[in-house]
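**Student:** Structure incoming, see below.
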Amino acid sequence: MYWCTYIQIVRLLRPLCALGVTKEIGQEEYAPTPVTKNLVSRAIIGGYQFMFTAATRSLANLPFYLKKTDFKNVSGFPGPFQDAHNTEDSMFPWLIKDPLMMGHFNAFMSGQRANRKQWFDFFDIDDILLSGASTEPDAALLIDIGGGEGHDIAEFHQRHPNAPGRLILQDLPPVIDSIQEPTPKVERQKHNFFEEQPVKGMQHRQSSNTG
């Protein structure tokens, strides 16, 4: 059994070496490359798990779904996602029922803006957002709607620690509950953005992950 497992690992690593994912440093001896180290990051692992299990399955099932629906333009449910996953739920309710996959999705989304400029890098924060902002203790300055684990709004606070007003992160309950390192200044609210916004009179609101 050990021999079989050993040979299987070698056979898997050989094509990975050709792709630069690993490198062979001796006969059947392998070492990681920079690609390997990137692939084991939390965001990348979450992305592969989510894309392979949720997104790719829906895409791979699309030809069968189209044949099943006689290639008609179907509106509403069930769509390709529901057919592929044998569910009546849309994606987010489906994720809520699968905490492990929700965790993969959150990890994936947390890394999507890595090494990219934030909106407040080019938006005139001082003249447009902070100028005239209320200093009342209950006034909301910024709401990050669907902000995931709160990386964007946490970075905003880090860049503008003296900005007045409340900073509020909103997302679905399982997402908010999964946050392991909350930012003290940022309030966390469980909210479905398809429902009415509970916070009124905010200075600015943004919807994360829209582009």
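Residues in the structure tokens are numbered from 1 in each chain, the chains being A, B, ... in the order shown, and ligands are numbered from 1 in the order shown.
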Mind checking DSSP for segment 46-211 of chain A and telling me the strand (DSSP E or B) residues as a PyMOL selection string?

**Tutor:** chain A and resi 140-145+166-171+186-190+204-207

**Student:** Which residues come within 9 Å of segment 138-150 of chain A, counting only C-alpha atoms, excluding same-chain residues fewer than 6 positions away, as a VMD selection string?

**Tutor:** chain A and resid 106 to 107 109 to 110 129 to 130 163 to 172 175 to 176 178 to 183 186 188 191 to 193 199 to 209

**Student:** Pull C-alpha atoms from the residues just selected and write them as a compact mmCIF listing (two decimals), in the first residue's frame.

**Tutor:**
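Resulting contents of result.txt:
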# COMPACT_ATOMS: atom_id res chain seq x y z
CA ASN A 106 -15.25 33.94 2.33
CA ALA A 107 -11.56 33.06 2.07
CA MET A 109 -13.40 36.80 -1.55
CA SER A 110 -10.95 38.05 1.07
CA LEU A 129 -16.61 62.01 2.36
CA LEU A 130 -15.15 63.62 5.47
CA ALA A 163 -12.42 59.81 10.60
CA PRO A 164 -15.61 60.68 12.52
CA GLY A 165 -18.70 58.50 12.59
CA ARG A 166 -19.47 54.82 12.74
CA LEU A 167 -17.94 52.27 10.39
CA ILE A 168 -20.35 49.41 9.76
CA LEU A 169 -19.75 46.06 8.09
CA GLN A 170 -22.84 44.23 6.82
CA ASP A 171 -23.13 40.70 5.51
CA LEU A 172 -25.12 37.51 5.98
CA VAL A 175 -20.27 35.45 7.19
CA ILE A 176 -20.35 37.77 10.20
CA SER A 178 -17.07 33.47 10.77
CA ILE A 179 -14.94 36.59 11.32
CA GLN A 180 -11.96 35.53 13.40
CA GLU A 181 -10.08 38.83 13.73
CA PRO A 182 -12.62 41.67 14.00
CA THR A 183 -11.48 45.29 13.87
CA VAL A 186 -15.85 48.40 12.87
CA ARG A 188 -20.62 44.10 12.52
CA HIS A 191 -28.00 41.95 7.09
CA ASN A 192 -29.31 40.63 3.77
CA PHE A 193 -28.69 43.36 1.22
CA VAL A 199 -29.14 52.17 8.94
CA LYS A 200 -30.47 55.56 7.86
CA GLY A 201 -28.62 58.77 7.15
CA MET A 202 -25.19 57.31 6.45
CA GLN A 203 -22.58 59.55 4.86
CA HIS A 204 -21.50 56.93 2.33
CA ARG A 205 -22.19 53.31 1.58
CA GLN A 206 -20.35 50.94 -0.69
CA SER A 207 -21.09 47.51 -2.00
CA SER A 208 -18.03 45.32 -1.88
CA ASN A 209 -17.05 42.91 -4.65

**Student:** For Leu19 of chain A, find every residue with an atom within 12 Å (counting only C-alpha atoms), except residues of its own chain fewer than 6 positions away, and show them as a ChimeraX atom specification.

**Tutor:** /A:12-13,33,35-36

**Student:** Write the residues you've just listed into a file as a tab-separated table (two decimals), in the first residue's frame, and include N, CA and C atoms for each of them.

**Tutor:**
chain	number	residue	atom	x	y	z
A	12	LEU	N	1.98	12.14	-9.85
A	12	LEU	CA	1.28	13.43	-9.77
A	12	LEU	C	2.26	14.60	-9.82
A	13	LEU	N	3.41	14.43	-9.18
A	13	LEU	CA	4.37	15.52	-9.09
A	13	LEU	C	5.11	15.77	-10.41
A	33	THR	N	8.07	25.60	-5.16
A	33	THR	CA	8.48	26.79	-5.91
A	33	THR	C	7.65	27.97	-5.39
A	35	VAL	N	5.36	29.34	-6.91
A	35	VAL	CA	3.97	29.01	-7.28
A	35	VAL	C	3.34	28.14	-6.20
A	36	THR	N	4.07	27.15	-5.73
A	36	THR	CA	3.57	26.27	-4.67
A	36	THR	C	3.15	27.08	-3.45

**Student:** What does the distance between atom CA of Lys97 of chain A and atom CA of His85 of chain A come to in Å, to one decimal place?

**Tutor:**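 According to the coordinates, atom CA of Lys97 of chain A and atom CA of His85 of chain A are separated by 12.6 Å.
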
**Student:** Tell me which protein, DNA and RNA residues are within 9 Å of Pro174 of chain A, counting only C-alpha atoms, leaving out same-chain ones fewer than 4 positions away, and put them as a PyMOL selection string.

**Tutor:** chain A and resi 96+99+102-103+178+190

**Student:** Can you spit out the residues from that selection as a JSON list (two decimals), in the first residue's frame, using N, CA and C atoms?

**Tutor:**
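Full text of selection35.json as output:
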[["chain", "number", "residue", "atom", "x", "y", "z"],
["A", 96, "ILE", "N", -25.25, 29.14, 2.85],
["A", 96, "ILE", "CA", -25.57, 29.21, 4.28],
["A", 96, "ILE", "C", -25.76, 27.82, 4.87],
["A", 99, "PRO", "N", -21.65, 25.33, 5.85],
["A", 99, "PRO", "CA", -20.66, 26.21, 6.49],
["A", 99, "PRO", "C", -19.25, 26.04, 5.95],
["A", 102, "MET", "N", -19.11, 27.86, 2.71],
["A", 102, "MET", "CA", -19.20, 29.29, 3.00],
["A", 102, "MET", "C", -17.83, 29.81, 3.45],
["A", 103, "GLY", "N", -17.13, 29.01, 4.23],
["A", 103, "GLY", "CA", -15.79, 29.40, 4.65],
["A", 103, "GLY", "C", -14.83, 29.52, 3.48],
["A", 178, "SER", "N", -18.34, 34.15, 11.09],
["A", 178, "SER", "CA", -17.07, 33.47, 10.77],
["A", 178, "SER", "C", -15.85, 34.37, 10.93],
["A", 190, "LYS", "N", -25.52, 41.82, 10.94],
["A", 190, "LYS", "CA", -26.04, 40.75, 10.10],
["A", 190, "LYS", "C", -27.20, 41.31, 9.27]]

**Student:** Measuring atom to atom with only C-alpha atoms, identify which of A:Val40, A:Ala84, A:Leu95, A:Ala114 is nearest to Thr56 of chain A.

**Tutor:**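 Looking at the shortest contact to Thr56 of chain A, the residue is A:Ala84.
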
**Student:** Take atom CA of Gln27 of chain A and atom CA of Ile45 of chain A and report the distance between them in Å, one decimal.

**Tutor:**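 According to the coordinates, atom CA of Gln27 of chain A and atom CA of Ile45 of chain A are separated by 28.7 Å.
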